[in-house]
file final-v2.cif (mmCIF, C-alpha atoms)
data_upload
#
loop_
_atom_site.label_atom_id
_atom_site.label_comp_id
_atom_site.auth_asym_id
_atom_site.auth_seq_id
_atom_site.Cartn_x
_atom_site.Cartn_y
_atom_site.Cartn_z
CA ALA A 63 112.13 67.56 93.73
CA ALA A 64 112.43 63.81 94.15
CA GLY A 65 110.84 62.41 97.29
CA VAL A 66 110.95 59.18 99.23
CA ILE A 67 109.13 56.40 97.40
CA GLN A 68 107.38 53.59 99.19
CA SER A 69 105.73 50.53 97.74
CA PRO A 70 103.20 49.19 97.85
CA ARG A 71 100.96 51.99 99.06
CA HIS A 72 98.35 49.59 100.34
CA LEU A 73 98.68 45.97 101.38
CA ILE A 74 96.13 43.53 102.71
CA LYS A 75 97.31 40.31 104.31
CA GLU A 76 95.87 37.50 106.38
CA LYS A 77 97.07 36.63 109.87
CA ARG A 78 100.29 34.60 109.92
CA GLU A 79 101.22 35.71 106.41
CA THR A 80 104.39 37.55 105.41
CA ALA A 81 104.72 41.06 104.01
CA THR A 82 107.59 43.00 102.44
CA LEU A 83 107.59 46.79 102.33
CA LYS A 84 110.02 48.70 100.14
CA CYS A 85 111.51 52.15 100.51
CA TYR A 86 113.54 54.17 98.00
CA PRO A 87 115.22 57.17 99.64
CA ILE A 88 115.75 60.58 98.13
CA PRO A 89 118.76 60.48 95.77
CA ARG A 90 122.06 60.97 97.63
CA HIS A 91 120.43 60.23 100.98
CA ASP A 92 122.33 57.45 102.71
CA THR A 93 120.27 56.89 105.85
CA VAL A 94 116.87 55.26 106.06
CA TYR A 95 114.49 55.14 109.02
CA TRP A 96 111.32 53.06 109.48
CA TYR A 97 108.38 54.15 111.62
CA GLN A 98 105.05 52.54 112.49
CA GLN A 99 101.94 54.65 113.03
CA GLY A 100 98.92 52.92 114.55
CA PRO A 101 95.42 54.37 114.09
CA GLY A 102 95.19 57.74 115.80
CA GLN A 103 98.73 57.38 117.16
CA ASP A 104 102.02 59.17 116.72
CA PRO A 105 104.71 57.45 114.64
CA GLN A 106 106.99 55.09 116.55
CA PHE A 107 110.57 54.44 115.47
CA LEU A 108 111.34 50.88 114.40
CA ILE A 109 114.83 50.73 112.93
CA SER A 110 117.35 52.68 110.87
CA PHE A 111 120.20 51.98 108.47
CA TYR A 112 123.27 53.86 107.37
CA GLU A 113 125.55 52.69 104.59
CA LYS A 114 123.81 49.29 104.54
CA MET A 115 124.43 48.71 108.24
CA GLN A 116 121.82 48.85 110.98
CA SER A 117 122.46 52.03 112.92
CA ASP A 118 119.71 52.07 115.52
CA LYS A 119 116.89 49.88 116.70
CA GLY A 120 113.65 50.87 118.35
CA SER A 121 110.53 48.98 119.26
CA ILE A 122 110.70 46.54 116.36
CA PRO A 123 109.21 43.08 117.00
CA ASP A 124 111.47 40.08 116.52
CA ARG A 125 109.11 38.96 113.74
CA PHE A 126 110.25 41.94 111.69
CA SER A 127 113.56 42.33 109.96
CA ALA A 128 114.96 44.92 107.63
CA GLN A 129 117.97 45.64 105.50
CA GLN A 130 119.45 48.33 103.30
CA PHE A 131 120.88 47.46 99.91
CA SER A 132 123.83 48.79 97.92
CA ASP A 133 121.59 51.26 96.07
CA TYR A 134 120.41 52.51 99.51
CA HIS A 135 116.88 51.26 99.14
CA SER A 136 115.52 49.41 102.15
CA GLU A 137 113.06 46.60 102.73
CA LEU A 138 111.07 45.82 105.85
CA ASN A 139 110.13 42.15 106.12
CA MET A 140 107.29 41.22 108.41
CA SER A 141 106.46 37.61 109.22
CA SER A 142 103.72 35.84 111.19
CA LEU A 143 101.55 38.90 110.82
CA GLU A 144 99.16 39.72 113.64
CA LEU A 145 96.04 41.86 113.68
CA GLY A 146 97.93 44.42 115.74
CA ASP A 147 100.42 44.93 112.93
CA SER A 148 97.76 46.81 110.99
CA ALA A 149 99.19 50.31 110.72
CA LEU A 150 100.72 52.90 108.45
CA TYR A 151 104.42 52.22 107.91
CA PHE A 152 106.59 55.18 107.01
CA CYS A 153 110.05 55.27 105.64
CA ALA A 154 112.13 58.42 106.01
CA SER A 155 115.53 59.33 104.64
CA SER A 156 118.25 61.80 105.49
CA ARG A 157 121.70 62.63 104.21
CA SER A 158 125.10 62.57 105.82
CA GLY A 159 124.54 59.65 108.14
CA PRO A 160 122.56 59.38 111.37
CA SER A 161 122.24 62.86 112.78
CA THR A 162 119.75 65.40 113.98
CA ASP A 163 119.31 66.53 110.39
CA THR A 164 115.87 66.60 108.83
CA GLN A 165 114.20 63.30 108.03
CA TYR A 166 112.01 63.36 104.93
CA PHE A 167 109.09 60.98 104.93
CA GLY A 168 107.53 58.91 102.21
CA PRO A 169 103.77 58.62 101.71
CA GLY A 170 103.61 55.43 103.77
CA THR A 171 102.38 51.89 103.23
CA ARG A 172 99.03 51.11 104.80
CA LEU A 173 99.08 47.50 105.97
CA THR A 174 95.82 45.83 106.88
CA VAL A 175 95.95 42.40 108.51
CA LEU A 176 92.70 40.45 108.41
CA GLY B 169 114.44 59.79 127.89
CA ASP B 170 113.16 62.12 125.23
CA SER B 171 109.52 63.14 125.20
CA VAL B 172 107.25 65.66 123.53
CA THR B 173 104.05 66.98 125.03
CA GLN B 174 101.61 68.55 122.66
CA MET B 175 98.41 70.44 123.27
CA GLU B 176 95.56 68.00 123.00
CA GLY B 177 93.00 68.47 120.31
CA PRO B 178 90.95 68.52 118.45
CA VAL B 179 91.16 72.23 117.69
CA THR B 180 88.37 73.79 115.65
CA LEU B 181 88.74 77.31 114.29
CA SER B 182 87.02 79.56 111.83
CA GLU B 183 88.86 80.71 108.73
CA GLU B 184 91.23 83.65 109.38
CA ALA B 185 91.45 82.89 113.10
CA PHE B 186 94.77 82.86 114.97
CA LEU B 187 96.28 79.47 115.67
CA THR B 188 98.55 78.34 118.50
CA ILE B 189 99.47 74.73 119.15
CA ASN B 190 101.61 74.33 122.24
CA CYS B 191 104.57 71.99 122.32
CA THR B 192 107.03 71.37 125.14
CA TYR B 193 109.82 68.84 125.26
CA THR B 194 112.23 66.94 127.45
CA ALA B 195 115.46 65.85 125.86
CA THR B 196 118.98 64.72 126.52
CA GLY B 197 121.51 66.89 124.79
CA TYR B 198 120.64 69.68 122.45
CA PRO B 199 117.81 68.59 120.17
CA SER B 200 116.68 69.77 116.79
CA LEU B 201 112.95 70.55 116.79
CA PHE B 202 110.43 69.99 114.04
CA TRP B 203 106.80 70.42 113.13
CA TYR B 204 105.37 67.89 110.70
CA VAL B 205 101.91 68.03 109.14
CA GLN B 206 99.79 65.10 108.03
CA TYR B 207 96.89 65.85 105.72
CA PRO B 208 94.02 63.35 105.61
CA GLY B 209 95.12 60.09 104.03
CA GLU B 210 98.64 61.33 103.36
CA GLY B 211 102.13 60.98 104.75
CA LEU B 212 104.14 63.27 107.00
CA GLN B 213 105.40 66.50 105.52
CA LEU B 214 108.01 68.68 107.14
CA LEU B 215 106.43 72.02 107.95
CA LEU B 216 109.32 73.80 109.65
CA LYS B 217 112.32 73.21 111.88
CA ALA B 218 114.79 74.89 114.23
CA THR B 219 118.16 73.59 115.28
CA LYS B 220 119.33 75.96 118.00
CA ALA B 221 118.00 78.22 120.73
CA ASP B 222 116.12 81.33 119.56
CA ASP B 223 115.97 80.05 115.98
CA LYS B 224 112.64 80.72 114.34
CA GLY B 225 111.38 78.24 111.78
CA SER B 226 108.78 79.45 109.31
CA ASN B 227 106.90 78.14 106.29
CA LYS B 228 103.53 78.80 104.63
CA GLY B 229 102.66 81.44 107.25
CA PHE B 230 103.42 79.10 110.15
CA GLU B 231 106.10 79.99 112.68
CA ALA B 232 107.71 78.41 115.73
CA THR B 233 110.56 79.65 117.91
CA TYR B 234 113.01 77.36 119.71
CA ARG B 235 112.84 78.43 123.36
CA LYS B 236 115.49 76.62 125.35
CA GLU B 237 114.67 78.35 128.63
CA THR B 238 111.08 77.11 128.54
CA THR B 239 111.81 73.96 126.48
CA SER B 240 109.05 74.92 124.09
CA PHE B 241 108.43 75.10 120.35
CA HIS B 242 104.89 76.43 119.96
CA LEU B 243 103.38 76.55 116.47
CA GLU B 244 101.56 79.73 115.41
CA LYS B 245 99.78 81.07 112.37
CA GLY B 246 98.14 84.44 112.14
CA SER B 247 95.28 83.55 109.83
CA VAL B 248 94.34 79.92 109.17
CA GLN B 249 92.67 78.65 106.02
CA VAL B 250 90.38 75.69 105.40
CA SER B 251 93.29 74.03 103.60
CA ASP B 252 95.29 74.02 106.86
CA SER B 253 93.00 71.35 108.28
CA ALA B 254 95.31 68.47 109.18
CA VAL B 255 97.07 66.75 112.06
CA TYR B 256 100.15 68.58 113.33
CA PHE B 257 103.00 66.73 115.03
CA CYS B 258 105.74 68.32 117.09
CA ALA B 259 108.92 66.24 117.09
CA LEU B 260 112.48 66.30 118.30
CA ASN B 261 115.73 64.58 117.44
CA SER B 262 118.31 64.79 120.17
CA GLY B 263 120.90 62.33 118.94
CA GLY B 264 121.76 60.74 122.24
CA SER B 265 121.81 56.96 121.83
CA ASN B 266 120.15 57.11 118.46
CA TYR B 267 118.83 59.58 115.92
CA LYS B 268 115.18 58.69 115.93
CA LEU B 269 112.46 61.28 115.85
CA THR B 270 110.33 61.41 118.99
CA PHE B 271 106.84 62.69 118.24
CA GLY B 272 104.09 64.27 120.26
CA LYS B 273 100.65 62.71 120.09
CA GLY B 274 99.51 65.04 117.32
CA THR B 275 96.88 67.79 117.25
CA LEU B 276 93.96 67.60 114.85
CA LEU B 277 93.11 71.02 113.45
CA THR B 278 89.83 71.62 111.66
CA VAL B 279 89.25 74.99 110.01
CA ASN B 280 85.69 75.84 109.05
CA PRO B 281 84.79 78.33 106.32
#
call {"tool": "encode", "arguments": {"input": "final-v2.cif", "output": "structure tokens"}}
result
Amino acid sequence: AAGVIQSPRHLIKEKRETATLKCYPIPRHDTVYWYQQGPGQDPQFLISFYEKMQSDKGSIPDRFSAQQFSDYHSELNMSSLELGDSALYFCASSRSGPSTDTQYFGPGTRLTVL
Amino acid sequence: GDSVTQMEGPVTLSEEAFLTINCTYTATGYPSLFWYVQYPGEGLQLLLKATKADDKGSNKGFEATYRKETTSFHLEKGSVQVSDSAVYFCALNSGGSNYKLTFGKGTLLTVNP
């Protein structure tokens, strides 16, 4: 079965640079969630989108922005990168709009900021 | 707000031992409960879920029962294998003001041959 696709899988950036992470949800899933997992930590919710509109916002820094496109893929844009942004970034998708339904996770993008 | 408290690890067991990882929660509303597993260097995989009281989720020999009266969702497996070595996360989604997943801190399980 098709899964959530994330690209790139690994990304190395310098401080103050910009990064763009991409997420392609499972076909026919219309809701995308972004999570950040620091080393040895549990995933923390950043932001979610439904039908190309932001549906919820968590602890996302102002330096980050995200959007969902007409084909339902989503991009997380991160600017003025800091060392503390080094983490695993997960995208998850679900169907039928924001709900308590299962969220299926992608393999993650490991961002390293030097 | 929502929170999940998981048994702290790490947990080290011998192959074929019985596994229990405790999970309790606090939530607004009536949450759905999940166990996710993260194998070394990989993403989060859904292991099992339950959406209402007394539901039992099960998969790959793992089980967990949604206990509303004790607000618990303990993970159990009768006989663990080396391949079960991973980090296990208990999580909930209560809806409320948003539909984010709230995770516990994770429990590292190591199974030795």
call {"tool": "closest_atom_pairs", "arguments": {"input": "final-v2.cif", "of": "chain B", "to": "chain A", "cutoff": "6 Å", "atoms": "only C-alpha atoms", "output": "CSV"}}
result
residue,atom,partner,partner_atom,distance
B:Gly211,CA,A:Pro169,CA,4.2
B:Leu212,CA,A:Phe167,CA,5.8
B:Asn261,CA,A:Thr162,CA,5.4
B:Gly263,CA,A:Thr162,CA,5.9
B:Asn266,CA,A:Asp118,CA,5.9
B:Tyr267,CA,A:Ser161,CA,5.7
B:Lys273,CA,A:Asp104,CA,5.1
call {"tool": "write_last_selection", "arguments": {"input": "final-v2.cif", "atoms": "C-alpha atoms", "output": "PDB file, in the frame of the given file"}}
result
ATOM      1  CA  GLY B 211     102.130  60.980 104.750  1.00  0.00           C
ATOM      2  CA  LEU B 212     104.140  63.270 107.000  1.00  0.00           C
ATOM      3  CA  ASN B 261     115.730  64.580 117.440  1.00  0.00           C
ATOM      4  CA  GLY B 263     120.900  62.330 118.940  1.00  0.00           C
ATOM      5  CA  ASN B 266     120.150  57.110 118.460  1.00  0.00           C
ATOM      6  CA  TYR B 267     118.830  59.580 115.920  1.00  0.00           C
ATOM      7  CA  LYS B 273     100.650  62.710 120.090  1.00  0.00           C
TER       8      LYS B 273
END
call {"tool": "residues_around", "arguments": {"input": "final-v2.cif", "residues": "Thr239 of chain B", "least_positions_apart": "2", "cutoff": "10 Å", "atoms": "all atoms listed in the file", "output": "list in words"}}
result
Val172, Cys191, Thr192, Tyr193, Thr194, Ala195, Ala221, Tyr234, Arg235, Lys236, Glu237, Phe241 and His242 of chain B
call {"tool": "residues_around", "arguments": {"input": "final-v2.cif", "residues": "Phe202 of chain B", "least_positions_apart": "4", "cutoff": "8 Å", "atoms": "all atoms listed in the file", "output": "number ranges by chain"}}
result
B: 214-218, 258-260
call {"tool": "closest_residue", "arguments": {"input": "final-v2.cif", "among": "B:Asn280, B:Thr270, B:Thr238, B:Ser262", "to": "Asn190 of chain B", "atoms": "all atoms listed in the file"}}
result
B:Thr238
call {"tool": "atom_distance", "arguments": {"input": "final-v2.cif", "atom1": "atom CA of Leu269 of chain B", "atom2": "atom CA of Val179 of chain B"}}
result
24.0 Å
call {"tool": "resolve_selection", "arguments": {"input": "final-v2.cif", "expression": "the PyMOL selection byres ((chain A and resi 70) around 10)", "output": "mmCIF file with C-alpha atoms, keeping the file's coordinate frame"}}
result
data_model
loop_
_atom_site.group_PDB
_atom_site.id
_atom_site.type_symbol
_atom_site.label_atom_id
_atom_site.label_comp_id
_atom_site.auth_asym_id
_atom_site.auth_seq_id
_atom_site.Cartn_x
_atom_site.Cartn_y
_atom_site.Cartn_z
ATOM 1 C CA ILE A 67 109.130 56.400 97.400
ATOM 2 C CA GLN A 68 107.380 53.590 99.190
ATOM 3 C CA SER A 69 105.730 50.530 97.740
ATOM 4 C CA ARG A 71 100.960 51.990 99.060
ATOM 5 C CA HIS A 72 98.350 49.590 100.340
ATOM 6 C CA LEU A 73 98.680 45.970 101.380
ATOM 7 C CA THR A 82 107.590 43.000 102.440
ATOM 8 C CA LEU A 83 107.590 46.790 102.330
ATOM 9 C CA LYS A 84 110.020 48.700 100.140
ATOM 10 C CA CYS A 85 111.510 52.150 100.510
ATOM 11 C CA GLY A 170 103.610 55.430 103.770
ATOM 12 C CA THR A 171 102.380 51.890 103.230
ATOM 13 C CA ARG A 172 99.030 51.110 104.800
ATOM 14 C CA LEU A 173 99.080 47.500 105.970
#
call {"tool": "atom_distance", "arguments": {"input": "final-v2.cif", "atom1": "atom CA of Asp124 of chain A", "atom2": "atom CA of Met140 of chain A"}}
result
9.2 Å
call {"tool": "residues_near_point", "arguments": {"input": "final-v2.cif", "point": "(120.6, 50.2, 106.8)", "cutoff": "7 Å", "atoms": "all atoms listed in the file", "output": "PyMOL selection string"}}
result
chain A and resi 93-94+110-117+129-130+136
call {"tool": "residues_around", "arguments": {"input": "final-v2.cif", "residues": "Ser142 of chain A", "least_positions_apart": "2", "cutoff": "9 Å", "atoms": "all atoms listed in the file", "output": "MDAnalysis selection string"}}
result
chainID A and resid 77:81 125:126 140 144
call {"tool": "closest_residue", "arguments": {"input": "final-v2.cif", "among": "B:Leu277, B:Leu201, B:Ile189, B:Leu181", "to": "Ser247 of chain B", "atoms": "all atoms listed in the file"}}
result
B:Leu181
call {"tool": "resolve_selection", "arguments": {"input": "final-v2.cif", "expression": "the PyMOL selection byres ((chain B and resi 250-255) around 8)", "output": "PyMOL selection string"}}
result
chain B and resi 183+205-208+248-249+256-257+274-281
call {"tool": "atom_distance", "arguments": {"input": "final-v2.cif", "atom1": "atom CA of Leu187 of chain B", "atom2": "atom CA of Lys228 of chain B"}}
result
13.2 Å
call {"tool": "resolve_selection", "arguments": {"input": "final-v2.cif", "expression": "the PyMOL selection byres ((chain A and resi 146) around 10)", "output": "PyMOL selection string"}}
result
chain A and resi 77+100+143-145+147-149+174-176
call {"tool": "build_atoms", "arguments": {"input": "final-v2.cif", "residues": "segment 142-173 of chain A", "atoms": "N, CA and C atoms", "output": "PDB file, in the frame of the given file"}}
result
ATOM      1  N   SER A 142     104.726  36.246 110.193  1.00  0.00           N
ATOM      2  CA  SER A 142     103.720  35.840 111.190  1.00  0.00           C
ATOM      3  C   SER A 142     102.857  37.028 111.584  1.00  0.00           C
ATOM      4  N   LEU A 143     102.300  37.677 110.582  1.00  0.00           N
ATOM      5  CA  LEU A 143     101.550  38.900 110.820  1.00  0.00           C
ATOM      6  C   LEU A 143     100.417  38.692 111.815  1.00  0.00           C
ATOM      7  N   GLU A 144     100.232  39.709 112.642  1.00  0.00           N
ATOM      8  CA  GLU A 144      99.160  39.720 113.640  1.00  0.00           C
ATOM      9  C   GLU A 144      98.224  40.882 113.348  1.00  0.00           C
ATOM     10  N   LEU A 145      97.018  40.787 113.897  1.00  0.00           N
ATOM     11  CA  LEU A 145      96.040  41.860 113.680  1.00  0.00           C
ATOM     12  C   LEU A 145      96.610  43.212 114.119  1.00  0.00           C
ATOM     13  N   GLY A 146      97.372  43.192 115.194  1.00  0.00           N
ATOM     14  CA  GLY A 146      97.930  44.420 115.740  1.00  0.00           C
ATOM     15  C   GLY A 146      99.003  45.057 114.874  1.00  0.00           C
ATOM     16  N   ASP A 147      99.428  44.360 113.836  1.00  0.00           N
ATOM     17  CA  ASP A 147     100.420  44.930 112.930  1.00  0.00           C
ATOM     18  C   ASP A 147      99.785  45.878 111.917  1.00  0.00           C
ATOM     19  N   SER A 148      98.461  45.901 111.890  1.00  0.00           N
ATOM     20  CA  SER A 148      97.760  46.810 110.990  1.00  0.00           C
ATOM     21  C   SER A 148      98.123  48.247 111.365  1.00  0.00           C
ATOM     22  N   ALA A 149      98.692  48.955 110.432  1.00  0.00           N
ATOM     23  CA  ALA A 149      99.190  50.310 110.720  1.00  0.00           C
ATOM     24  C   ALA A 149      99.677  50.937 109.423  1.00  0.00           C
ATOM     25  N   LEU A 150     100.068  52.190 109.551  1.00  0.00           N
ATOM     26  CA  LEU A 150     100.720  52.900 108.450  1.00  0.00           C
ATOM     27  C   LEU A 150     102.226  52.828 108.726  1.00  0.00           C
ATOM     28  N   TYR A 151     102.973  52.362 107.746  1.00  0.00           N
ATOM     29  CA  TYR A 151     104.420  52.220 107.910  1.00  0.00           C
ATOM     30  C   TYR A 151     105.111  53.271 107.036  1.00  0.00           C
ATOM     31  N   PHE A 152     105.878  54.120 107.707  1.00  0.00           N
ATOM     32  CA  PHE A 152     106.590  55.180 107.010  1.00  0.00           C
ATOM     33  C   PHE A 152     108.062  54.857 106.911  1.00  0.00           C
ATOM     34  N   CYS A 153     108.617  55.246 105.813  1.00  0.00           N
ATOM     35  CA  CYS A 153     110.050  55.270 105.640  1.00  0.00           C
ATOM     36  C   CYS A 153     110.459  56.747 105.543  1.00  0.00           C
ATOM     37  N   ALA A 154     111.591  57.078 106.119  1.00  0.00           N
ATOM     38  CA  ALA A 154     112.130  58.420 106.010  1.00  0.00           C
ATOM     39  C   ALA A 154     113.596  58.314 105.614  1.00  0.00           C
ATOM     40  N   SER A 155     114.114  59.346 104.983  1.00  0.00           N
ATOM     41  CA  SER A 155     115.530  59.330 104.640  1.00  0.00           C
ATOM     42  C   SER A 155     116.180  60.650 105.019  1.00  0.00           C
ATOM     43  N   SER A 156     117.472  60.587 105.233  1.00  0.00           N
ATOM     44  CA  SER A 156     118.250  61.800 105.490  1.00  0.00           C
ATOM     45  C   SER A 156     119.629  61.616 104.873  1.00  0.00           C
ATOM     46  N   ARG A 157     120.365  62.693 104.793  1.00  0.00           N
ATOM     47  CA  ARG A 157     121.700  62.630 104.210  1.00  0.00           C
ATOM     48  C   ARG A 157     122.747  62.713 105.298  1.00  0.00           C
ATOM     49  N   SER A 158     123.937  62.380 104.946  1.00  0.00           N
ATOM     50  CA  SER A 158     125.100  62.570 105.820  1.00  0.00           C
ATOM     51  C   SER A 158     125.059  61.734 107.076  1.00  0.00           C
ATOM     52  N   GLY A 159     124.489  60.543 107.003  1.00  0.00           N
ATOM     53  CA  GLY A 159     124.540  59.650 108.140  1.00  0.00           C
ATOM     54  C   GLY A 159     123.563  59.994 109.242  1.00  0.00           C
ATOM     55  N   PRO A 160     123.462  59.122 110.248  1.00  0.00           N
ATOM     56  CA  PRO A 160     122.560  59.380 111.370  1.00  0.00           C
ATOM     57  C   PRO A 160     122.936  60.686 112.046  1.00  0.00           C
ATOM     58  N   SER A 161     121.977  61.553 112.186  1.00  0.00           N
ATOM     59  CA  SER A 161     122.240  62.860 112.780  1.00  0.00           C
ATOM     60  C   SER A 161     120.915  63.470 113.168  1.00  0.00           C
ATOM     61  N   THR A 162     120.980  64.691 113.652  1.00  0.00           N
ATOM     62  CA  THR A 162     119.750  65.400 113.980  1.00  0.00           C
ATOM     63  C   THR A 162     119.235  66.189 112.781  1.00  0.00           C
ATOM     64  N   ASP A 163     119.757  65.876 111.619  1.00  0.00           N
ATOM     65  CA  ASP A 163     119.310  66.530 110.390  1.00  0.00           C
ATOM     66  C   ASP A 163     117.882  66.100 110.063  1.00  0.00           C
ATOM     67  N   THR A 164     117.260  66.843 109.180  1.00  0.00           N
ATOM     68  CA  THR A 164     115.870  66.600 108.830  1.00  0.00           C
ATOM     69  C   THR A 164     115.667  65.221 108.220  1.00  0.00           C
ATOM     70  N   GLN A 165     114.626  64.557 108.636  1.00  0.00           N
ATOM     71  CA  GLN A 165     114.200  63.300 108.030  1.00  0.00           C
ATOM     72  C   GLN A 165     112.999  63.598 107.136  1.00  0.00           C
ATOM     73  N   TYR A 166     113.082  63.133 105.891  1.00  0.00           N
ATOM     74  CA  TYR A 166     112.010  63.360 104.930  1.00  0.00           C
ATOM     75  C   TYR A 166     111.246  62.057 104.754  1.00  0.00           C
ATOM     76  N   PHE A 167     109.925  62.169 104.892  1.00  0.00           N
ATOM     77  CA  PHE A 167     109.090  60.980 104.930  1.00  0.00           C
ATOM     78  C   PHE A 167     108.473  60.660 103.571  1.00  0.00           C
ATOM     79  N   GLY A 168     108.289  59.364 103.348  1.00  0.00           N
ATOM     80  CA  GLY A 168     107.530  58.910 102.210  1.00  0.00           C
ATOM     81  C   GLY A 168     106.042  58.941 102.519  1.00  0.00           C
ATOM     82  N   PRO A 169     105.214  58.555 101.537  1.00  0.00           N
ATOM     83  CA  PRO A 169     103.770  58.620 101.710  1.00  0.00           C
ATOM     84  C   PRO A 169     103.216  57.509 102.606  1.00  0.00           C
ATOM     85  N   GLY A 170     104.049  56.504 102.891  1.00  0.00           N
ATOM     86  CA  GLY A 170     103.610  55.430 103.770  1.00  0.00           C
ATOM     87  C   GLY A 170     103.009  54.251 103.031  1.00  0.00           C
ATOM     88  N   THR A 171     103.066  53.102 103.682  1.00  0.00           N
ATOM     89  CA  THR A 171     102.380  51.890 103.230  1.00  0.00           C
ATOM     90  C   THR A 171     101.331  51.552 104.276  1.00  0.00           C
ATOM     91  N   ARG A 172     100.087  51.477 103.844  1.00  0.00           N
ATOM     92  CA  ARG A 172      99.030  51.110 104.800  1.00  0.00           C
ATOM     93  C   ARG A 172      98.846  49.603 104.754  1.00  0.00           C
ATOM     94  N   LEU A 173      99.198  48.963 105.848  1.00  0.00           N
ATOM     95  CA  LEU A 173      99.080  47.500 105.970  1.00  0.00           C
ATOM     96  C   LEU A 173      97.839  47.166 106.769  1.00  0.00           C
TER      97      LEU A 173
END
